[in-house]
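Participant: My structure is in target_30.csv, and what it holds is CSV, C-alpha atoms:
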chain,number,residue,atom,x,y,z
A,154,MET,CA,148.5,-25.5,-99.4
A,155,ASN,CA,145.6,-23.1,-99.3
A,156,HIS,CA,143.0,-23.9,-101.9
A,157,PRO,CA,140.8,-21.1,-103.3
A,158,GLU,CA,137.1,-21.1,-102.1
A,159,ARG,CA,134.3,-22.1,-104.5
A,160,GLU,CA,133.1,-18.6,-104.7
A,161,GLU,CA,136.5,-17.6,-106.2
A,162,TRP,CA,136.3,-20.3,-108.9
A,163,VAL,CA,132.9,-19.4,-110.2
A,164,PRO,CA,134.0,-16.2,-112.0
A,165,PHE,CA,137.1,-18.0,-113.3
A,166,LEU,CA,134.9,-20.8,-114.8
A,167,TYR,CA,132.6,-18.3,-116.5
A,168,GLY,CA,135.5,-16.1,-117.7
A,169,GLU,CA,134.4,-13.2,-115.5
A,170,ALA,CA,137.4,-13.1,-113.1
A,171,LYS,CA,139.7,-10.0,-113.0
A,172,PRO,CA,143.0,-10.5,-114.8
A,173,GLU,CA,145.1,-10.6,-111.5
A,174,MET,CA,142.7,-13.2,-109.9
A,175,ARG,CA,142.7,-15.2,-113.2
A,176,ARG,CA,146.5,-15.5,-113.1
A,177,GLN,CA,146.5,-16.5,-109.5
A,178,LEU,CA,143.9,-19.2,-110.0
A,179,ALA,CA,145.6,-20.5,-113.2
A,180,ALA,CA,148.9,-20.7,-111.3
A,181,HIS,CA,147.2,-22.6,-108.5
A,182,LEU,CA,145.7,-25.0,-111.1
A,183,ASP,CA,149.1,-25.7,-112.6
A,184,ALA,CA,150.4,-26.6,-109.1
A,185,CYS,CA,147.4,-28.4,-107.5
A,186,ALA,CA,146.2,-31.6,-109.2
A,187,GLU,CA,143.3,-31.9,-106.7
A,188,CYS,CA,141.8,-28.5,-107.7
A,189,ARG,CA,142.6,-29.1,-111.4
A,190,ALA,CA,140.6,-32.4,-111.3
A,191,GLU,CA,137.7,-30.6,-109.5
A,192,ILE,CA,137.6,-27.7,-112.0
A,193,GLU,CA,137.8,-30.1,-115.0
A,194,GLY,CA,134.8,-32.0,-113.6
A,195,TRP,CA,132.9,-28.7,-113.3
A,196,GLN,CA,133.8,-27.7,-116.8
A,197,ARG,CA,132.6,-31.0,-118.2
A,198,SER,CA,129.3,-30.5,-116.4
A,199,LEU,CA,129.0,-27.0,-117.8
A,200,ARG,CA,129.7,-28.3,-121.4
A,201,ARG,CA,127.0,-31.0,-120.9
A,202,LEU,CA,124.6,-28.4,-119.7
A,203,ASP,CA,125.4,-26.2,-122.7
A,204,HIS,CA,124.6,-29.0,-125.1
A,205,TRP,CA,121.4,-30.0,-123.4
A,206,ARG,CA,118.2,-28.9,-125.1
A,207,LEU,CA,114.6,-29.2,-124.1
A,208,PRO,CA,112.8,-31.7,-126.1
A,209,ALA,CA,110.8,-30.2,-128.9
A,210,LYS,CA,107.2,-29.6,-128.0
A,211,ARG,CA,105.0,-32.0,-129.9
A,212,LEU,CA,102.3,-30.4,-131.9
A,213,ARG,CA,99.1,-32.1,-131.4
A,214,ALA,CA,97.8,-33.3,-134.7
A,215,GLU,CA,94.3,-33.6,-133.3
A,216,TRP,CA,93.1,-30.6,-131.4
A,217,PHE,CA,89.6,-31.9,-131.3
A,218,PRO,CA,88.9,-34.8,-128.9
A,219,PRO,CA,87.3,-37.8,-130.6
A,220,VAL,CA,83.9,-37.0,-129.1
A,221,LEU,CA,83.9,-33.5,-130.7
A,222,ARG,CA,84.8,-35.1,-134.1
A,223,TRP,CA,81.9,-37.5,-133.8
A,224,ALA,CA,79.6,-34.7,-132.8
A,225,ALA,CA,80.7,-32.6,-135.7
A,226,ALA,CA,80.2,-35.6,-138.1
A,227,THR,CA,76.8,-36.2,-136.7
A,228,ALA,CA,75.8,-32.6,-137.0
A,229,LEU,CA,77.0,-32.6,-140.6
A,230,VAL,CA,75.1,-35.7,-141.5
A,231,LEU,CA,71.9,-34.4,-139.8
A,232,GLY,CA,72.3,-31.0,-141.6
A,233,LEU,CA,72.7,-32.7,-144.9
A,234,GLY,CA,69.7,-34.9,-144.2
A,235,ILE,CA,67.5,-32.1,-143.2
A,236,GLY,CA,68.7,-29.9,-146.2
A,237,LEU,CA,68.2,-32.8,-148.6
A,238,GLY,CA,64.8,-33.6,-147.2
A,239,ARG,CA,63.6,-30.0,-147.5
A,240,PHE,CA,65.0,-29.8,-151.0
A,241,THR,CA,63.4,-33.0,-152.2
A,242,ALA,CA,60.2,-32.7,-150.3
A,243,GLY,CA,58.7,-30.2,-152.7
A,244,GLY,CA,56.0,-29.0,-150.4
A,245,ALA,CA,54.9,-32.4,-149.1
A,246,ASP,CA,52.9,-32.2,-145.9
A,247,ALA,CA,55.0,-33.2,-142.9
A,248,GLU,CA,52.1,-35.1,-141.4
A,249,LYS,CA,51.7,-37.3,-144.5
A,250,VAL,CA,55.5,-38.0,-144.5
A,251,ARG,CA,55.4,-38.8,-140.8
A,252,ALA,CA,52.4,-41.1,-141.2
A,253,ARG,CA,54.1,-42.9,-144.0
A,254,ILE,CA,57.6,-43.2,-142.3
A,255,GLU,CA,56.5,-43.8,-138.7
A,256,PRO,CA,55.2,-47.4,-139.2
A,257,GLN,CA,58.4,-48.4,-141.0
A,258,LEU,CA,60.5,-46.8,-138.2
A,259,ARG,CA,58.5,-48.5,-135.5
A,260,GLU,CA,58.9,-51.9,-137.2
A,261,THR,CA,62.7,-51.4,-137.7
A,262,LEU,CA,63.1,-50.3,-134.0
A,263,ARG,CA,60.9,-53.2,-132.9
A,264,GLN,CA,63.1,-55.7,-134.9
A,265,GLU,CA,66.3,-54.1,-133.5
A,266,MET,CA,65.1,-54.2,-130.0
A,267,THR,CA,64.0,-57.8,-130.4
A,268,LEU,CA,67.4,-58.7,-131.7
A,269,LEU,CA,69.1,-56.8,-128.8
A,270,VAL,CA,66.9,-58.5,-126.2
A,271,ARG,CA,67.6,-61.9,-127.7
A,272,GLU,CA,71.3,-61.3,-127.7
A,273,GLU,CA,71.2,-60.1,-124.1
A,274,MET,CA,69.1,-63.1,-123.1
A,275,SER,CA,71.4,-65.4,-124.8
A,276,ARG,CA,74.4,-63.9,-123.2
A,277,THR,CA,72.9,-63.7,-119.7
A,278,SER,CA,71.3,-67.2,-120.0
A,279,ALA,CA,74.7,-68.7,-120.8
A,280,THR,CA,76.2,-67.0,-117.8
A,281,THR,CA,73.3,-68.0,-115.6
A,282,LEU,CA,73.4,-71.6,-116.9
A,283,ALA,CA,77.1,-71.8,-116.2
A,284,ALA,CA,76.7,-70.4,-112.7
A,285,ALA,CA,73.7,-72.8,-112.0
A,286,GLY,CA,75.8,-75.7,-113.2
A,287,ASP,CA,78.6,-74.8,-110.9
A,288,GLN,CA,76.2,-74.4,-108.0
A,289,ALA,CA,74.6,-77.8,-108.8
A,290,GLU,CA,78.0,-79.5,-108.9
A,291,LYS,CA,78.8,-78.0,-105.5
A,292,LEU,CA,75.5,-79.1,-104.0
A,293,LEU,CA,75.9,-82.6,-105.4
A,294,ALA,CA,79.3,-82.9,-104.0
A,295,ALA,CA,78.0,-81.7,-100.6
A,296,TYR,CA,75.1,-84.2,-100.8
A,297,ASN,CA,77.5,-87.0,-101.7
A,298,THR,CA,79.7,-86.2,-98.7
A,299,ILE,CA,76.7,-86.2,-96.4
A,300,GLN,CA,75.4,-89.5,-97.8
A,301,GLN,CA,78.9,-91.1,-97.5
A,302,THR,CA,79.0,-89.9,-93.9
A,303,ARG,CA,75.6,-91.3,-93.1
A,304,ARG,CA,76.4,-94.6,-94.8
A,305,ALA,CA,79.5,-94.9,-92.8
A,306,GLU,CA,77.6,-94.1,-89.6
A,307,ASP,CA,74.9,-96.7,-90.5
A,308,LEU,CA,77.5,-99.3,-91.2
A,309,ASP,CA,79.1,-98.6,-87.8
A,310,ARG,CA,75.8,-99.0,-86.1
A,311,LEU,CA,75.0,-102.2,-88.0
A,312,TYR,CA,78.4,-103.6,-87.2
A,313,LEU,CA,77.9,-102.8,-83.5
A,314,ALA,CA,74.4,-104.4,-83.5
A,315,ILE,CA,75.6,-107.5,-85.3
A,316,LYS,CA,78.7,-107.7,-83.0
A,317,LYS,CA,76.5,-107.4,-79.9
A,318,GLN,CA,74.2,-110.2,-81.2
A,319,LEU,CA,77.1,-112.4,-82.1
A,320,ASP,CA,78.7,-111.8,-78.7
A,321,THR,CA,75.4,-112.8,-77.1
A,322,VAL,CA,75.2,-116.0,-79.3
A,323,ALA,CA,78.8,-116.8,-78.5
A,324,ILE,CA,78.3,-116.4,-74.7
A,325,ASN,CA,75.1,-118.5,-74.8
A,326,THR,CA,76.8,-121.1,-76.9
A,327,GLN,CA,79.8,-121.2,-74.6
A,328,ARG,CA,77.4,-121.7,-71.6
A,329,GLU,CA,75.7,-124.5,-73.4
A,330,PHE,CA,79.1,-126.1,-74.2
A,331,VAL,CA,80.1,-125.8,-70.6
A,332,GLN,CA,76.8,-127.4,-69.5
A,333,LEU,CA,77.3,-130.2,-72.1
A,334,ALA,CA,80.8,-130.7,-70.9
A,335,ASP,CA,79.7,-131.0,-67.3
A,336,TYR,CA,76.8,-133.2,-68.2
A,337,VAL,CA,76.8,-136.6,-66.7
A,338,ARG,CA,74.5,-139.1,-68.0
A,339,PRO,CA,72.2,-140.5,-65.4
A,340,THR,CA,72.3,-144.1,-64.9
A,341,ASP,CA,69.4,-146.0,-66.0
A,342,PRO,CA,68.0,-148.1,-63.0
A,343,ASN,CA,66.5,-150.6,-65.4
A,344,ARG,CA,69.8,-151.1,-67.1
A,345,SER,CA,71.7,-152.0,-64.1
A,346,LEU,CA,69.0,-154.6,-63.2
A,347,GLN,CA,69.2,-156.3,-66.4
A,348,GLN,CA,72.8,-156.9,-66.3
Take the structure in this file and express it as structure tokens.
Facilitator:
Amino acid sequence: MNHPEREEWVPFLYGEAKPEMRRQLAAHLDACAECRAEIEGWQRSLRRLDHWRLPAKRLRAEWFPPVLRWAAATALVLGLGIGLGRFTAGGADAEKVRARIEPQLRETLRQEMTLLVREEMSRTSATTLAAAGDQAEKLLAAYNTIQQTRRAEDLDRLYLAIKKQLDTVAINTQREFVQLADYVRPTDPNRSLQQ
């Protein structure tokens, strides 16, 4: 059986085939289960593609990045502060205001800087202290190992020295025992006369 080419099926699938070609292809589909299964698979794919939709594009609720929002808020607060200051100043001399406010600002800044420095010192000192403690533990462990090694070496040397001395004493004692065992008492010439 001759099967139609793919190029012949495409117009059939899209409903664009000429009437004579459509009849021939429909007749072939009625007779050929293999082509019918293939065409049904293509039609299912086309239906799925027809139903597929692009996901809706999300509208960004925030078109300003957070930094720009903070900048805008800061500018608004500064603008309100400047406007309020000019409105309430009532012709006050800027130098007098500066002279009056500057010491307070300096004191506030000094206190805040002192607090920040203390917090930083506290944080770094705790970290430094912990690191120093770890280092001290490592050094003590190394020192302990060295001391144990030296103590063992000293005990080995002491053992060898005592053993050498004991061996010398044992040899000397053995010689003296041998001499004592071989010792024959001299006869007393006076004694044999008296008897």
Participant: In Å to one decimal, how far is CA of Glu306 in chain A from CA of Lys291 in chain A?
Facilitator: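 Result for CA of Lys291 in chain A versus CA of Glu306 in chain A: 22.7 Å, one decimal.
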Participant: Report as a list in words all protein, DNA and RNA residues lying within 8 Å of range 176-180 of chain A, evaluated on only C-alpha atoms, omitting residues in the same chain fewer than 6 positions from it.
Facilitator: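 Result of the neighbour search: Pro157, Trp162 and Phe165 of chain A.
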Participant: Would you mind exporting C-alpha atoms of the selected residues as a JSON list (two decimals), in the frame of the given file?
Facilitator:
[["chain", "number", "residue", "atom", "x", "y", "z"],
["A", 157, "PRO", "CA", 140.80, -21.10, -103.30],
["A", 162, "TRP", "CA", 136.30, -20.30, -108.90],
["A", 165, "PHE", "CA", 137.10, -18.00, -113.30]]
Participant: Quick one: pull the distance between CA of Leu166 in chain A and CA of Leu199 in chain A, Å, one decimal.
Facilitator: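 Computing it gives 9.1 Å between the two atoms.
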Participant: Quote the spacing between CA of Arg189 in chain A and CA of Tyr167 in chain A in Å to one decimal place.
Facilitator: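 Those two atoms sit 15.6 Å apart.
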Participant: Counting only C-alpha atoms, which of A:Ala225, A:Cys188, A:Ala252, A:Ala247 gets nearest to His156 in chain A?
Facilitator: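 Of A:Ala225, A:Cys188, A:Ala252, A:Ala247, the one nearest His156 in chain A is A:Cys188, counting only C-alpha atoms.
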